[in-house]
Amino acid sequence: MVKKTDLLAIGHSAHDYIIRVPTFPKANFSSPITDMKTFNGGAAANVACVGAKLGLKTGLVSAVGGGFKKSEYFEHMENLGIDTDSLIIVPGEQTPTAFVLTDDNSDQISYFYWGAAKEFAESKVPSLAIKNAEAIHLATGDPNFNWKCSEEAKNDDMLISFDPGQDLGMYDTKKLKDVIENTTILFGNHHEIERILTSLETDLTGLRELGPKIIVKTCGANGSEIYSNEDKIVIDAIDVSVVDPTGAGDSYRAGFLSRFLNGESLEESAKFASAVSSFIIEHQGCQTNMPSFDDAFERMNEFY
């Protein structure tokens with residue numbers, strides 16, 4: 001069977017309000033907003049869009065509002081060649097919206113309006129889209145829907161990557177374990193990986209024995225670490241001027257998967273991922289400065 005897509009991203013598409021504040025206020029206090037803009041976002045859509053820009057054939061499963069197909073965001077996806085046939089359109093609802101606040105220390109707090117994404121809970125598994133893909137990436141989204149999709153993909157012996165991201169707190173211990181048991185590659189930043197280890201009462205070795213053969217931990221300016229049967233691999237971050245860290249993780253995942261799915265080594269995949277994410281953080285917005293494959297490859301070779 002000829003696969004229609006290289007990578008199917010499952011989870012949120014969203015409108016992002018990127019907000020800068022000097023400091024986060026305490027409860028019952030306020031902080032001035034120094035900058036606010038609206039961008040295309042959502043973790044699954046970020047992975048699908050960046051992956052498509054890098055040359056992958058990507059598909060997307062997201063629950064979006066009734067007017068989404070008339071939006072500039074949908075046109076943007078179509079121009080990138082993303083397979084949007086499996087979008088879940090919810091009439092009368094709004095497309096999910098994220099409010100991402102970043103302070104002067106580059107720490108972040110996010111608020112997320114689910115809107116149409118509440119439909120995930122009642123939606124059927126997109127079986128055909130999964131069967132038509134080489135691999136699936138489970139991003140932020142409904143935990144039970146992600147688990148059902150992971151079950152379907154595992155039955156088809158597919159590569160499954162999983163990044164619960166900032167929705168990690170929505171997973172109870174059992175559901176988190178269920179999804180991780182089906183996972184091939186687990187992505188998370190250093191905070192999230194530690195929370196997963198604490199929740200499952202295990203260490204990195206035990207976590208890998210539970211399911212994922214590969215664990216990728218991103219550490220911001222300190223680079224990334226990859227754990228597998230090989231020795232621990234440490235990849236330095238590429239030093240660029242950071243304008244906005246939002247979307248760096250999603251673009252890293254897209255970059256990593258774009259090379260790994262093409263047979264490259266873990267080290268090569270991680271270096272390329274670091275190069276891809278370095279472009280994203282140079283501009284505001286998760287998809288504003290998506291590099292081409294050639295641009296990311298050139299920067300990777302210049303740095304490493």
# chains A, B, ... in the order shown; residues from 1 in each chain; ligands from 1
$ residues_around --residues "A:Glu93" --least-positions-apart "2" --cutoff "12 Å" --atoms "only C-alpha atoms" --output "list in words"
Ala63, Val64, Gly65, Gly66, Gly67, Phe68, Ile88, Ile89, Val90, Pro91, Thr95, Pro96, Thr97, Tyr113, Trp114, Gly115, Ala116, Ala117, Lys118 and Glu119 of chain A
$ select_by_dssp --residues "stretch 77-280 of chain A" --states "helix (DSSP H, G or I)" --output "ChimeraX atom specification"
/A:77-79,115-122,127-131,143-155,165-170,173-181,190-200,204-210,220-222,248-260,266-280
$ atom_distance --atom1 "atom CA of A:Gly55" --atom2 "atom CA of A:Leu168"
29.3 Å
$ closest_atom_pairs --of "stretch 22-52 of chain A" --to "stretch 262-276 of chain A" --cutoff "12 Å" --atoms "only C-alpha atoms" --output "JSON lines"
{"residue": "A:Val47", "atom": "CA", "partner": "A:Val276", "partner_atom": "CA", "distance": 11.5}
{"residue": "A:Val50", "atom": "CA", "partner": "A:Val276", "partner_atom": "CA", "distance": 8.7}
{"residue": "A:Gly51", "atom": "CA", "partner": "A:Val276", "partner_atom": "CA", "distance": 10.0}
$ select_by_dssp --residues "stretch 39-258 of chain A" --states "strand (DSSP E)" --output "PyMOL selection string"
chain A and resi 39-41+58-61+63-65+88-90+97-102+108-113+133-138+159-162+185-189+214-218+224-227+233-235
$ closest_residue --among "A:Ile160, A:Ile196, A:Ile226, A:Ile82" --to "A:Lys174" --atoms "only C-alpha atoms"
A:Ile196
$ closest_atom_pairs --of "stretch 228-277 of chain A" --to "stretch 125-145 of chain A" --cutoff "12 Å" --atoms "only C-alpha atoms" --output "JSON lines"
{"residue": "A:Gly249", "atom": "CA", "partner": "A:Ala139", "partner_atom": "CA", "distance": 11.0}
{"residue": "A:Asp250", "atom": "CA", "partner": "A:Ala139", "partner_atom": "CA", "distance": 8.8}
{"residue": "A:Arg253", "atom": "CA", "partner": "A:His137", "partner_atom": "CA", "distance": 9.1}
{"residue": "A:Ala254", "atom": "CA", "partner": "A:His137", "partner_atom": "CA", "distance": 9.3}
{"residue": "A:Phe256", "atom": "CA", "partner": "A:His137", "partner_atom": "CA", "distance": 11.7}
{"residue": "A:Leu257", "atom": "CA", "partner": "A:His137", "partner_atom": "CA", "distance": 9.1}
{"residue": "A:Ser258", "atom": "CA", "partner": "A:Ala135", "partner_atom": "CA", "distance": 10.8}
{"residue": "A:Phe260", "atom": "CA", "partner": "A:Ala135", "partner_atom": "CA", "distance": 10.9}
{"residue": "A:Leu261", "atom": "CA", "partner": "A:Ala135", "partner_atom": "CA", "distance": 8.2}
{"residue": "A:Asn262", "atom": "CA", "partner": "A:Glu134", "partner_atom": "CA", "distance": 10.9}
$ write_last_selection --atoms "all heavy atoms" --output "mmCIF file, in the first residue's frame"
data_model
loop_
_atom_site.group_PDB
_atom_site.id
_atom_site.type_symbol
_atom_site.label_atom_id
_atom_site.label_comp_id
_atom_site.auth_asym_id
_atom_site.auth_seq_id
_atom_site.Cartn_x
_atom_site.Cartn_y
_atom_site.Cartn_z
ATOM 1 N N GLY A 249 9.751 24.185 20.610
ATOM 2 C CA GLY A 249 9.644 22.748 20.826
ATOM 3 C C GLY A 249 8.964 22.036 19.679
ATOM 4 O O GLY A 249 9.426 20.988 19.224
ATOM 5 N N ASP A 250 7.861 22.594 19.181
ATOM 6 C CA ASP A 250 7.139 21.959 18.077
ATOM 7 C C ASP A 250 8.002 21.902 16.820
ATOM 8 O O ASP A 250 8.007 20.899 16.097
ATOM 9 C CB ASP A 250 5.851 22.720 17.778
ATOM 10 C CG ASP A 250 4.870 22.700 18.939
ATOM 11 O OD1 ASP A 250 4.864 21.707 19.691
ATOM 12 O OD2 ASP A 250 4.118 23.675 19.093
ATOM 13 N N ARG A 253 10.549 19.174 17.094
ATOM 14 C CA ARG A 253 9.973 17.851 16.840
ATOM 15 C C ARG A 253 9.792 17.612 15.345
ATOM 16 O O ARG A 253 10.078 16.524 14.837
ATOM 17 C CB ARG A 253 8.636 17.718 17.579
ATOM 18 C CG ARG A 253 8.813 17.495 19.094
ATOM 19 C CD ARG A 253 8.079 18.577 19.886
ATOM 20 N NE ARG A 253 8.229 18.421 21.320
ATOM 21 C CZ ARG A 253 9.253 18.865 22.041
ATOM 22 N NH1 ARG A 253 10.282 19.461 21.468
ATOM 23 N NH2 ARG A 253 9.282 18.705 23.356
ATOM 24 N N ALA A 254 9.316 18.640 14.631
ATOM 25 C CA ALA A 254 9.141 18.508 13.186
ATOM 26 C C ALA A 254 10.484 18.277 12.494
ATOM 27 O O ALA A 254 10.595 17.429 11.598
ATOM 28 C CB ALA A 254 8.471 19.761 12.624
ATOM 29 N N PHE A 256 13.270 17.056 13.859
ATOM 30 C CA PHE A 256 13.794 15.744 14.243
ATOM 31 C C PHE A 256 13.127 14.640 13.427
ATOM 32 O O PHE A 256 13.798 13.778 12.842
ATOM 33 C CB PHE A 256 13.556 15.514 15.736
ATOM 34 C CG PHE A 256 14.191 14.275 16.288
ATOM 35 C CD1 PHE A 256 15.417 14.336 16.933
ATOM 36 C CD2 PHE A 256 13.571 13.032 16.171
ATOM 37 C CE1 PHE A 256 16.010 13.188 17.449
ATOM 38 C CE2 PHE A 256 14.151 11.890 16.676
ATOM 39 C CZ PHE A 256 15.382 11.963 17.319
ATOM 40 N N LEU A 257 11.802 14.670 13.357
ATOM 41 C CA LEU A 257 11.072 13.614 12.657
ATOM 42 C C LEU A 257 11.329 13.652 11.155
ATOM 43 O O LEU A 257 11.376 12.603 10.501
ATOM 44 C CB LEU A 257 9.578 13.740 12.945
ATOM 45 C CG LEU A 257 9.163 13.410 14.387
ATOM 46 C CD1 LEU A 257 7.730 13.850 14.652
ATOM 47 C CD2 LEU A 257 9.325 11.917 14.680
ATOM 48 N N SER A 258 11.540 14.843 10.604
ATOM 49 C CA SER A 258 11.777 14.941 9.165
ATOM 50 C C SER A 258 13.054 14.203 8.767
ATOM 51 O O SER A 258 13.126 13.624 7.683
ATOM 52 C CB SER A 258 11.858 16.412 8.728
ATOM 53 O OG SER A 258 13.060 17.017 9.134
ATOM 54 N N PHE A 260 14.675 11.794 10.919
ATOM 55 C CA PHE A 260 14.628 10.419 11.424
ATOM 56 C C PHE A 260 13.793 9.527 10.512
ATOM 57 O O PHE A 260 14.155 8.375 10.248
ATOM 58 C CB PHE A 260 14.062 10.408 12.845
ATOM 59 C CG PHE A 260 14.170 9.066 13.521
ATOM 60 C CD1 PHE A 260 15.389 8.621 14.021
ATOM 61 C CD2 PHE A 260 13.061 8.249 13.651
ATOM 62 C CE1 PHE A 260 15.491 7.374 14.643
ATOM 63 C CE2 PHE A 260 13.148 7.010 14.265
ATOM 64 C CZ PHE A 260 14.371 6.575 14.766
ATOM 65 N N LEU A 261 12.682 10.051 10.007
ATOM 66 C CA LEU A 261 11.832 9.273 9.109
ATOM 67 C C LEU A 261 12.498 9.016 7.769
ATOM 68 O O LEU A 261 12.080 8.133 7.017
ATOM 69 C CB LEU A 261 10.487 9.984 8.893
ATOM 70 C CG LEU A 261 9.565 10.054 10.107
ATOM 71 C CD1 LEU A 261 8.342 10.905 9.806
ATOM 72 C CD2 LEU A 261 9.136 8.657 10.556
ATOM 73 N N ASN A 262 13.528 9.789 7.484
ATOM 74 C CA ASN A 262 14.293 9.585 6.255
ATOM 75 C C ASN A 262 15.564 8.775 6.498
ATOM 76 O O ASN A 262 16.462 8.748 5.647
ATOM 77 C CB ASN A 262 14.641 10.929 5.612
ATOM 78 C CG ASN A 262 13.494 11.474 4.776
ATOM 79 O OD1 ASN A 262 13.211 10.964 3.703
ATOM 80 N ND2 ASN A 262 12.829 12.503 5.278
#
$ atom_distance --atom1 "atom CA of A:Gln108" --atom2 "atom CA of A:Leu207"
26.8 Å
$ atom_distance --atom1 "atom CA of A:Lys154" --atom2 "atom CA of A:Asn182"
6.2 Å
$ residues_around --residues "A:Glu72" --least-positions-apart "6" --cutoff "12 Å" --atoms "only C-alpha atoms" --output "VMD selection string"
chain A and resid 15 39 to 40 78 to 79
